[in-house]
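Chemist: Just so it is clear, I am handing over upload.txt, which has compact mmCIF, C-alpha atoms and all ligand atoms.
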# COMPACT_ATOMS: atom_id res chain seq x y z
CA MET M 1 121.99 -60.84 28.15
CA LEU M 2 124.37 -58.21 26.83
CA ILE M 3 124.71 -57.99 23.13
CA ARG M 4 126.70 -54.80 22.88
CA LYS M 5 130.27 -54.94 21.81
CA PRO M 6 132.20 -54.82 25.09
CA THR M 7 134.73 -52.37 23.70
CA ASP M 8 131.84 -49.96 23.01
CA ILE M 9 131.12 -49.63 26.70
CA ARG M 10 132.45 -46.33 28.03
CA SER M 11 133.77 -46.17 31.55
CA SER M 12 131.06 -43.61 32.41
CA GLU M 13 128.50 -46.34 31.76
CA ILE M 14 130.08 -48.88 34.04
CA THR M 15 127.56 -50.27 36.46
CA ASP M 16 128.52 -50.08 40.08
CA GLU M 17 128.44 -53.35 41.90
CA ARG M 18 125.27 -52.63 43.90
CA VAL M 19 123.26 -51.76 40.78
CA TYR M 20 124.87 -54.75 39.15
CA LEU M 21 123.66 -57.07 41.89
CA ASP M 22 120.11 -55.75 41.44
CA ARG M 23 120.45 -56.58 37.79
CA ARG M 24 121.11 -60.14 38.85
CA GLY M 25 117.49 -60.29 40.00
CA PHE M 26 116.61 -59.69 36.38
CA MET M 27 119.14 -62.28 35.27
CA ARG M 28 117.54 -64.84 37.59
CA ALA M 29 114.16 -64.16 35.98
CA ALA M 30 115.81 -64.68 32.62
CA ALA M 31 117.26 -67.95 33.89
CA GLY M 32 113.70 -69.00 34.76
CA ILE M 33 112.72 -68.43 31.14
CA GLY M 34 115.69 -70.58 30.11
CA ALA M 35 114.40 -73.37 32.33
CA ALA M 36 110.91 -73.08 30.83
CA VAL M 37 112.38 -73.46 27.36
CA ALA M 38 114.43 -76.45 28.47
CA ALA M 39 111.20 -77.98 29.79
CA GLY M 40 109.75 -77.73 26.30
CA ALA M 41 107.69 -74.53 26.49
CA SER M 42 107.75 -72.56 23.29
CA LEU M 43 108.38 -68.87 23.78
CA PRO M 44 108.35 -66.77 20.65
CA GLY M 45 111.07 -64.16 20.52
CA LEU M 46 113.71 -66.10 22.38
CA VAL M 47 117.00 -66.48 20.60
CA ALA M 48 117.03 -69.75 18.72
CA GLY M 49 119.77 -72.14 19.71
CA MET M 50 120.43 -70.35 23.00
CA ALA M 51 122.88 -72.43 25.02
CA PRO M 52 121.47 -73.94 28.22
CA ARG M 53 122.02 -71.47 30.97
CA PRO M 54 125.21 -72.33 32.78
CA ARG M 55 124.82 -73.53 36.32
CA PHE M 56 125.37 -71.05 39.09
CA SER M 57 124.18 -70.80 42.62
CA ASP M 58 122.12 -67.83 43.74
CA GLU M 59 123.47 -68.14 47.27
CA GLU M 60 126.98 -67.47 46.18
CA GLU M 61 128.09 -63.88 46.45
CA LEU M 62 130.00 -62.51 43.51
CA THR M 63 133.64 -61.79 44.24
CA PRO M 64 133.99 -57.98 44.21
CA TYR M 65 135.21 -56.39 40.99
CA GLU M 66 138.29 -55.04 42.78
CA ALA M 67 139.43 -58.56 43.70
CA VAL M 68 138.60 -60.02 40.29
CA THR M 69 140.72 -57.38 38.60
CA GLY M 70 143.30 -56.76 41.34
CA TYR M 71 144.31 -60.25 42.48
CA ASN M 72 145.45 -62.15 39.41
CA ASN M 73 147.71 -64.79 37.98
CA PHE M 74 149.25 -63.64 34.71
CA TYR M 75 152.93 -64.48 34.87
CA GLU M 76 153.69 -62.54 31.70
CA PHE M 77 153.27 -59.46 33.93
CA GLY M 78 155.00 -60.79 37.04
CA THR M 79 154.51 -63.55 39.55
CA GLY M 80 152.93 -61.44 42.34
CA LYS M 81 149.14 -61.32 42.57
CA GLU M 82 149.14 -57.53 42.22
CA ASP M 83 151.70 -57.41 39.42
CA PRO M 84 149.25 -57.98 36.52
CA ALA M 85 147.02 -55.05 37.53
CA ARG M 86 150.10 -52.88 37.93
CA ASN M 87 151.94 -53.92 34.76
CA ALA M 88 149.38 -54.99 32.17
CA GLY M 89 148.01 -51.52 31.40
CA GLN M 90 150.61 -51.02 28.69
CA LEU M 91 149.54 -54.09 26.67
CA VAL M 92 148.21 -53.01 23.27
CA THR M 93 145.12 -55.12 22.53
CA LYS M 94 143.96 -53.33 19.40
CA PRO M 95 144.66 -54.29 16.65
CA TRP M 96 144.87 -57.94 17.67
CA THR M 97 144.88 -61.01 15.47
CA ILE M 98 144.35 -64.70 16.15
CA SER M 99 145.83 -67.23 13.77
CA VAL M 100 143.98 -70.50 13.30
CA GLU M 101 146.24 -73.32 12.18
CA GLY M 102 146.68 -77.06 11.80
CA MET M 103 143.97 -79.59 11.02
CA VAL M 104 141.20 -77.22 9.94
CA GLU M 105 139.44 -76.52 6.69
CA LYS M 106 139.57 -72.79 7.34
CA PRO M 107 143.07 -71.84 8.49
CA ALA M 108 143.38 -68.06 8.56
CA THR M 109 144.52 -65.08 10.53
CA TYR M 110 141.48 -63.31 11.88
CA ASP M 111 141.13 -59.84 13.33
CA VAL M 112 139.80 -60.39 16.84
CA ASP M 113 136.77 -58.16 16.14
CA GLU M 114 135.74 -60.55 13.38
CA LEU M 115 135.82 -63.36 15.89
CA ILE M 116 134.08 -61.81 18.87
CA PHE M 117 131.41 -59.48 17.51
CA PRO M 118 129.28 -62.00 15.58
CA TYR M 119 128.36 -63.89 18.77
CA THR M 120 126.00 -62.99 21.58
CA HIS M 121 127.96 -62.12 24.70
CA GLU M 122 126.12 -63.87 27.50
CA GLU M 123 126.70 -63.36 31.17
CA ARG M 124 128.07 -66.58 32.65
CA ILE M 125 128.64 -66.67 36.38
CA TYR M 126 131.26 -69.31 37.09
CA ARG M 127 133.38 -70.31 40.03
CA LEU M 128 137.09 -70.14 39.26
CA ARG M 129 139.11 -72.55 41.43
CA CYS M 130 142.80 -71.86 41.32
CA VAL M 131 145.20 -74.77 41.82
CA GLU M 132 146.77 -72.74 44.65
CA GLY M 133 143.68 -73.23 46.82
CA TRP M 134 141.64 -70.05 46.42
CA SER M 135 138.48 -69.46 44.44
CA MET M 136 136.30 -66.63 43.16
CA VAL M 137 132.79 -66.31 41.72
CA ILE M 138 132.97 -64.21 38.60
CA PRO M 139 130.36 -62.86 36.18
CA TRP M 140 132.11 -63.37 32.86
CA LEU M 141 130.84 -62.21 29.49
CA GLY M 142 131.34 -64.53 26.59
CA PHE M 143 130.11 -67.37 24.43
CA SER M 144 130.84 -71.04 23.89
CA LEU M 145 134.09 -71.87 22.14
CA SER M 146 132.12 -74.38 20.03
CA ASN M 147 130.93 -71.40 17.93
CA TRP M 148 134.50 -70.86 16.78
CA ILE M 149 135.21 -74.56 16.32
CA ASP M 150 132.13 -74.88 14.05
CA ARG M 151 133.37 -71.92 12.09
CA PHE M 152 136.98 -73.13 11.67
CA ARG M 153 135.85 -76.67 10.72
CA PRO M 154 138.46 -79.02 12.16
CA THR M 155 139.18 -82.01 9.91
CA SER M 156 138.24 -85.53 11.01
CA GLN M 157 141.85 -86.13 12.19
CA ALA M 158 141.80 -83.28 14.73
CA ARG M 159 141.52 -84.53 18.32
CA TYR M 160 143.03 -81.70 20.35
CA VAL M 161 143.22 -77.91 20.32
CA GLU M 162 146.26 -75.94 21.40
CA PHE M 163 146.08 -72.28 22.47
CA THR M 164 148.97 -69.84 22.65
CA THR M 165 149.31 -66.50 24.46
CA LEU M 166 151.09 -63.50 22.94
CA TYR M 167 154.87 -63.54 23.17
CA ASP M 168 156.21 -59.99 23.39
CA PRO M 169 158.75 -59.33 26.15
CA ASP M 170 158.71 -55.59 25.33
CA GLN M 171 155.09 -55.42 26.45
CA MET M 172 155.12 -58.35 28.85
CA PRO M 173 157.97 -57.75 31.29
CA GLY M 174 157.48 -61.13 33.00
CA GLN M 175 158.62 -62.83 29.80
CA ARG M 176 162.11 -61.37 30.25
CA ARG M 177 162.58 -63.93 33.02
CA SER M 178 162.44 -67.65 32.34
CA VAL M 179 159.83 -68.43 35.00
CA LEU M 180 157.94 -70.47 32.38
CA ASP M 181 158.85 -71.64 28.91
CA TRP M 182 157.29 -68.74 26.94
CA PRO M 183 154.90 -68.30 25.24
CA TYR M 184 152.25 -69.72 27.59
CA VAL M 185 150.49 -72.63 25.92
CA GLU M 186 147.45 -74.66 26.90
CA GLY M 187 145.44 -77.45 25.35
CA LEU M 188 142.13 -79.29 25.44
CA ARG M 189 140.75 -82.45 23.94
CA LEU M 190 138.43 -81.47 21.10
CA ASP M 191 135.36 -82.80 22.95
CA GLU M 192 136.28 -80.72 26.02
CA ALA M 193 136.77 -77.68 23.80
CA ASN M 194 133.35 -78.26 22.24
CA HIS M 195 131.59 -78.54 25.61
CA PRO M 196 129.11 -75.65 26.02
CA LEU M 197 130.69 -74.63 29.35
CA THR M 198 134.03 -73.94 27.62
CA THR M 199 133.78 -70.22 27.20
CA VAL M 200 135.53 -67.60 25.12
CA VAL M 201 135.60 -64.68 27.53
CA VAL M 202 135.53 -61.10 26.24
CA GLY M 203 134.39 -59.25 29.35
CA VAL M 204 133.74 -59.32 33.06
CA TYR M 205 131.14 -57.56 35.26
CA GLY M 206 129.40 -56.22 32.15
CA ARG M 207 132.46 -54.41 30.86
CA SER M 208 135.29 -55.22 28.52
CA LEU M 209 138.00 -57.50 29.84
CA PRO M 210 140.76 -55.66 31.69
CA ASN M 211 144.25 -56.50 30.41
CA GLN M 212 145.17 -58.23 33.66
CA ASN M 213 142.29 -60.67 33.12
CA GLY M 214 143.46 -61.62 29.63
CA ALA M 215 142.28 -59.00 27.14
CA PRO M 216 141.16 -59.11 24.45
CA VAL M 217 140.14 -62.79 24.68
CA ARG M 218 140.80 -65.64 27.08
CA LEU M 219 139.23 -68.98 27.86
CA ILE M 220 137.38 -70.21 30.93
CA MET M 221 136.74 -73.90 31.65
CA PRO M 222 134.96 -73.69 35.00
CA TRP M 223 135.46 -77.38 35.92
CA LYS M 224 139.25 -77.17 35.57
CA TYR M 225 141.91 -75.48 37.68
CA GLY M 226 142.39 -71.85 36.70
CA PHE M 227 145.70 -72.36 34.93
CA LYS M 228 143.90 -74.06 32.01
CA SER M 229 142.06 -70.78 31.37
CA ILE M 230 144.63 -69.22 29.07
CA LYS M 231 144.70 -65.45 28.58
CA SER M 232 145.39 -63.07 25.68
CA ILE M 233 145.19 -65.73 22.95
CA VAL M 234 146.96 -65.18 19.61
CA LYS M 235 146.98 -68.69 18.15
CA ILE M 236 144.64 -71.70 18.00
CA ARG M 237 146.01 -74.89 16.48
CA PHE M 238 144.09 -78.11 15.82
CA THR M 239 146.13 -81.30 16.08
CA ASP M 240 145.95 -85.09 16.44
CA ARG M 241 148.49 -85.14 19.32
CA GLN M 242 148.02 -84.05 22.91
CA PRO M 243 149.65 -80.60 23.02
CA ALA M 244 152.28 -79.61 25.54
CA THR M 245 150.99 -77.23 28.22
CA SER M 246 153.12 -74.65 30.04
CA TRP M 247 152.55 -75.81 33.61
CA ASN M 248 152.92 -79.47 32.71
CA VAL M 249 156.25 -78.69 31.04
CA ALA M 250 157.36 -76.64 34.08
CA ALA M 251 156.43 -79.29 36.70
CA PRO M 252 155.06 -82.52 35.16
CA ASN M 253 154.45 -84.28 38.47
CA GLU M 254 152.45 -81.31 39.83
CA TYR M 255 150.33 -80.18 36.87
CA GLY M 256 148.71 -82.62 34.47
CA PHE M 257 147.14 -82.09 31.08
CA TYR M 258 143.58 -82.53 32.35
CA ALA M 259 143.71 -80.45 35.53
CA ASN M 260 140.08 -81.21 36.40
CA VAL M 261 139.22 -79.85 39.83
CA ASN M 262 139.35 -82.91 42.07
CA PRO M 263 139.26 -82.81 45.89
CA ASP M 264 140.43 -86.45 46.01
CA VAL M 265 143.68 -85.98 44.14
CA ASP M 266 146.14 -83.87 46.09
CA HIS M 267 148.77 -81.66 44.59
CA PRO M 268 152.10 -83.27 45.62
CA ARG M 269 152.78 -80.32 47.94
CA TRP M 270 149.31 -79.63 49.35
CA SER M 271 145.77 -80.99 49.67
CA GLN M 272 143.10 -80.00 47.17
CA ALA M 273 140.21 -80.95 49.48
CA LYS M 274 139.40 -77.37 50.55
CA GLU M 275 139.54 -73.89 49.17
CA ARG M 276 139.25 -70.35 50.42
CA ARG M 277 136.86 -68.04 48.61
CA ILE M 278 138.60 -64.71 48.17
CA GLY M 279 137.07 -62.33 50.74
CA GLU M 280 136.18 -65.09 53.23
CA PHE M 281 138.13 -66.59 56.13
CA ARG M 282 136.47 -69.99 56.36
CA ARG M 283 137.55 -72.76 54.10
CA ARG M 284 134.99 -74.50 51.92
CA GLU M 285 134.95 -78.05 50.67
CA THR M 286 136.19 -78.25 47.11
CA LEU M 287 133.63 -79.91 44.85
CA MET M 288 134.44 -82.56 42.25
CA PHE M 289 134.75 -80.87 38.87
CA ASN M 290 134.32 -77.60 40.81
CA GLY M 291 130.61 -78.44 41.12
CA TYR M 292 130.03 -78.86 37.38
CA GLY M 293 130.10 -82.69 37.45
CA ASP M 294 126.51 -83.08 36.18
CA GLN M 295 127.55 -81.34 33.00
CA VAL M 296 131.05 -82.68 32.42
CA ALA M 297 131.64 -85.99 34.24
CA HIS M 298 130.63 -87.99 31.13
CA LEU M 299 133.68 -86.63 29.30
CA TYR M 300 135.93 -88.65 31.62
CA GLN M 301 133.92 -91.85 32.03
CA GLY M 302 136.17 -94.86 32.48
CA MET M 303 139.30 -92.74 32.98
CA ASP M 304 141.48 -93.11 36.05
CA LEU M 305 141.52 -89.51 37.25
CA ARG M 306 144.54 -90.15 39.49
CA ARG M 307 146.55 -91.05 36.45
CA TYR M 308 145.01 -88.44 34.17
CA PHE M 309 145.21 -85.58 36.67
N1 LIG A 401 147.25 -67.27 31.10
C1 LIG A 401 148.48 -66.80 30.81
N2 LIG A 401 148.79 -66.48 29.53
N3 LIG A 401 149.43 -66.62 31.77
C2 LIG A 401 149.19 -66.95 33.08
O1 LIG A 401 150.09 -66.80 33.92
N4 LIG A 401 147.57 -67.85 34.70
C3 LIG A 401 146.49 -68.84 34.85
C4 LIG A 401 145.27 -68.46 34.00
N5 LIG A 401 145.67 -68.04 32.67
C5 LIG A 401 147.91 -67.46 33.41
C6 LIG A 401 146.94 -67.59 32.38
C7 LIG A 401 146.09 -69.04 36.24
S1 LIG A 401 147.20 -69.90 37.22
C8 LIG A 401 144.89 -68.60 36.71
S2 LIG A 401 144.39 -69.03 38.31
C9 LIG A 401 144.00 -67.78 35.91
O2 LIG A 401 144.57 -67.42 34.65
C10 LIG A 401 143.67 -66.50 36.67
O3 LIG A 401 142.72 -65.73 35.98
P1 LIG A 401 142.29 -64.32 36.59
O4 LIG A 401 143.54 -63.57 36.94
O5 LIG A 401 141.47 -63.65 35.55
O6 LIG A 401 141.48 -64.64 37.83
The structure given in the file should be rewritten as structure tokens.

Modeler:
Amino acid sequence: MLIRKPTDIRSSEITDERVYLDRRGFMRAAAGIGAAVAAGASLPGLVAGMAPRPRFSDEEELTPYEAVTGYNNFYEFGTGKEDPARNAGQLVTKPWTISVEGMVEKPATYDVDELIFPYTHEERIYRLRCVEGWSMVIPWLGFSLSNWIDRFRPTSQARYVEFTTLYDPDQMPGQRRSVLDWPYVEGLRLDEANHPLTTVVVGVYGRSLPNQNGAPVRLIMPWKYGFKSIKSIVKIRFTDRQPATSWNVAAPNEYGFYANVNPDVDHPRWSQAKERRIGEFRRRETLMFNGYGDQVAHLYQGMDLRRYF
């Protein structure tokens, strides 16, 4: 568990992937401790209130750092997979503020450091399944979004949360073209946002988040298609209405509000039954809720997931 501020990590200290994978042996041991605690054992010294360790499979190889940071979707920097790595270097991420608005008791504009340094940055290895049919396994660094929601105190009317990415065409050349209705917006139901798997991500592979991956902060909801995982957030708004989301506005019959990974509901132009892990040739079966059904299926009980896709 890394508790250092990610921006304190100098490039000379960056762990190479082989050493990093050895470290995973240690992480697995730590996961064992987590399981013992879940089973009721009392272990003095463990962080109180530690979130249950997110599910990940030991058999799954991590996607190499080069692919995680070199093959991206971040349309603000271009629509090609290599454009973000090429064009995002110029983005100024310090200072950075996030404004919290709408149905909350504590609306304010926060410096991002105020919002990310108070919380323990845990390693969370999640599969990311992109709606386009590829997937990666990525060791993110972050903490549950519920920490922020507790802090901002939504009022009893709030039912949804809307997130907005920076709008600055001078720094984000992709925004000079109307590929999407800028700025990029995304939204979650409040109970989805409060789910412990919904993660505020501040780093990847033990280092601070590269710009192309959404610096300084982005979200990850591992059971949803990747486009829900909005990058470079500048605004969080609590509301009683389902917010508009960029991809739903762009193509409403192709991208729904929920966007839960679902092998049984095809995209109108292609099947979602299989996926290709970046770095592999074979195609794998796509799992319902990207394999996180045990944790999240209850959120959608009784809902027709063909209608609410
Ligand atoms: N956030 C913003 N602001 N702009 C984007 O274009 N692309 C989304 C999501 N978040 C996107 C975004 C899509 S389609 C995916 S698959 C993931 O980011 C990719 O995240 P990664 O590049 O870190 O793998």

Chemist: Using only C-alpha atoms, can you list as a PyMOL selection string the residues within 9 Å of (144.8, -75.1, 9.8)?

Modeler: chain M and resi 99-108+152+154-155+236-239

Chemist: Just the selected residues (C-alpha atoms), exported as a PDB file, keeping the file's coordinate frame, please.

Modeler:
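Output below, filename again_25.pdb:
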ATOM      1  CA  SER M  99     145.830 -67.230  13.770  1.00  0.00           C
ATOM      2  CA  VAL M 100     143.980 -70.500  13.300  1.00  0.00           C
ATOM      3  CA  GLU M 101     146.240 -73.320  12.180  1.00  0.00           C
ATOM      4  CA  GLY M 102     146.680 -77.060  11.800  1.00  0.00           C
ATOM      5  CA  MET M 103     143.970 -79.590  11.020  1.00  0.00           C
ATOM      6  CA  VAL M 104     141.200 -77.220   9.940  1.00  0.00           C
ATOM      7  CA  GLU M 105     139.440 -76.520   6.690  1.00  0.00           C
ATOM      8  CA  LYS M 106     139.570 -72.790   7.340  1.00  0.00           C
ATOM      9  CA  PRO M 107     143.070 -71.840   8.490  1.00  0.00           C
ATOM     10  CA  ALA M 108     143.380 -68.060   8.560  1.00  0.00           C
ATOM     11  CA  PHE M 152     136.980 -73.130  11.670  1.00  0.00           C
ATOM     12  CA  PRO M 154     138.460 -79.020  12.160  1.00  0.00           C
ATOM     13  CA  THR M 155     139.180 -82.010   9.910  1.00  0.00           C
ATOM     14  CA  ILE M 236     144.640 -71.700  18.000  1.00  0.00           C
ATOM     15  CA  ARG M 237     146.010 -74.890  16.480  1.00  0.00           C
ATOM     16  CA  PHE M 238     144.090 -78.110  15.820  1.00  0.00           C
ATOM     17  CA  THR M 239     146.130 -81.300  16.080  1.00  0.00           C
TER      18      THR M 239
END

Chemist: Using all atoms listed in the file, which residues of segment 76-152 of chain M come within 9 Å of segment 168-186 of chain M, and what is the closest atom pair for each, with the distance in Å to one decimal? Give it as CSV, sorted by chain and residue number.

Modeler:
residue,atom,partner,partner_atom,distance
M:Glu76,CA,M:Gly174,CA,4.2
M:Phe77,CA,M:Gly174,CA,4.6
M:Gly78,CA,M:Gly174,CA,4.8
M:Thr79,CA,M:Gly174,CA,7.6
M:Asn87,CA,M:Pro173,CA,7.9
M:Ala88,CA,M:Met172,CA,7.4
M:Gln90,CA,M:Gln171,CA,6.7
M:Leu91,CA,M:Gln171,CA,5.7
M:Val92,CA,M:Gln171,CA,8.0

Chemist: Report as a ChimeraX atom specification which protein, DNA and RNA residues come within 6 Å of ligand LIG 401 (chain A), using all atoms listed in the file.

Modeler: /M:68,72-76,130,165,184,213,226-227,229-231

Chemist: Counting only C-alpha atoms, which residue out of M:Val296, M:Leu287, M:Ile220, M:Ile116 sits closest to Glu192 of chain M?

Modeler: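 Using only C-alpha atoms, the shortest distance to Glu192 of chain M belongs to M:Val296.
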
Chemist: Show me the residues around (131.3, -81.7, 25.0) - criterion: an atom at most 9 Å away, all atoms listed in the file counted - as a VMD selection string.

Modeler: chain M and resid 146 190 to 198 295 to 296 298 to 299

Chemist: Between atom CA of Asp240 of chain M and atom CA of Leu219 of chain M, what distance in Å does the model show, to one decimal?

Modeler: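 Interatomic distance here is 20.9 Å.
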
Chemist: Which residue gives the smallest distance to Asn253 of chain M among M:Glu60, M:Asp294, M:Glu114, M:Asp266, with only C-alpha atoms counted?

Modeler: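 Among the listed residues, M:Asp266 lies closest to Asn253 of chain M.
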
Chemist: Which residue out of M:Asn211, M:Thr120, M:Gln272, M:Asn290 has the minimum interatomic distance to Ile233 of chain M when all atoms listed in the file are used?

Modeler: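 Among M:Asn211, M:Thr120, M:Gln272, M:Asn290, it is M:Asn211 that comes nearest to Ile233 of chain M.
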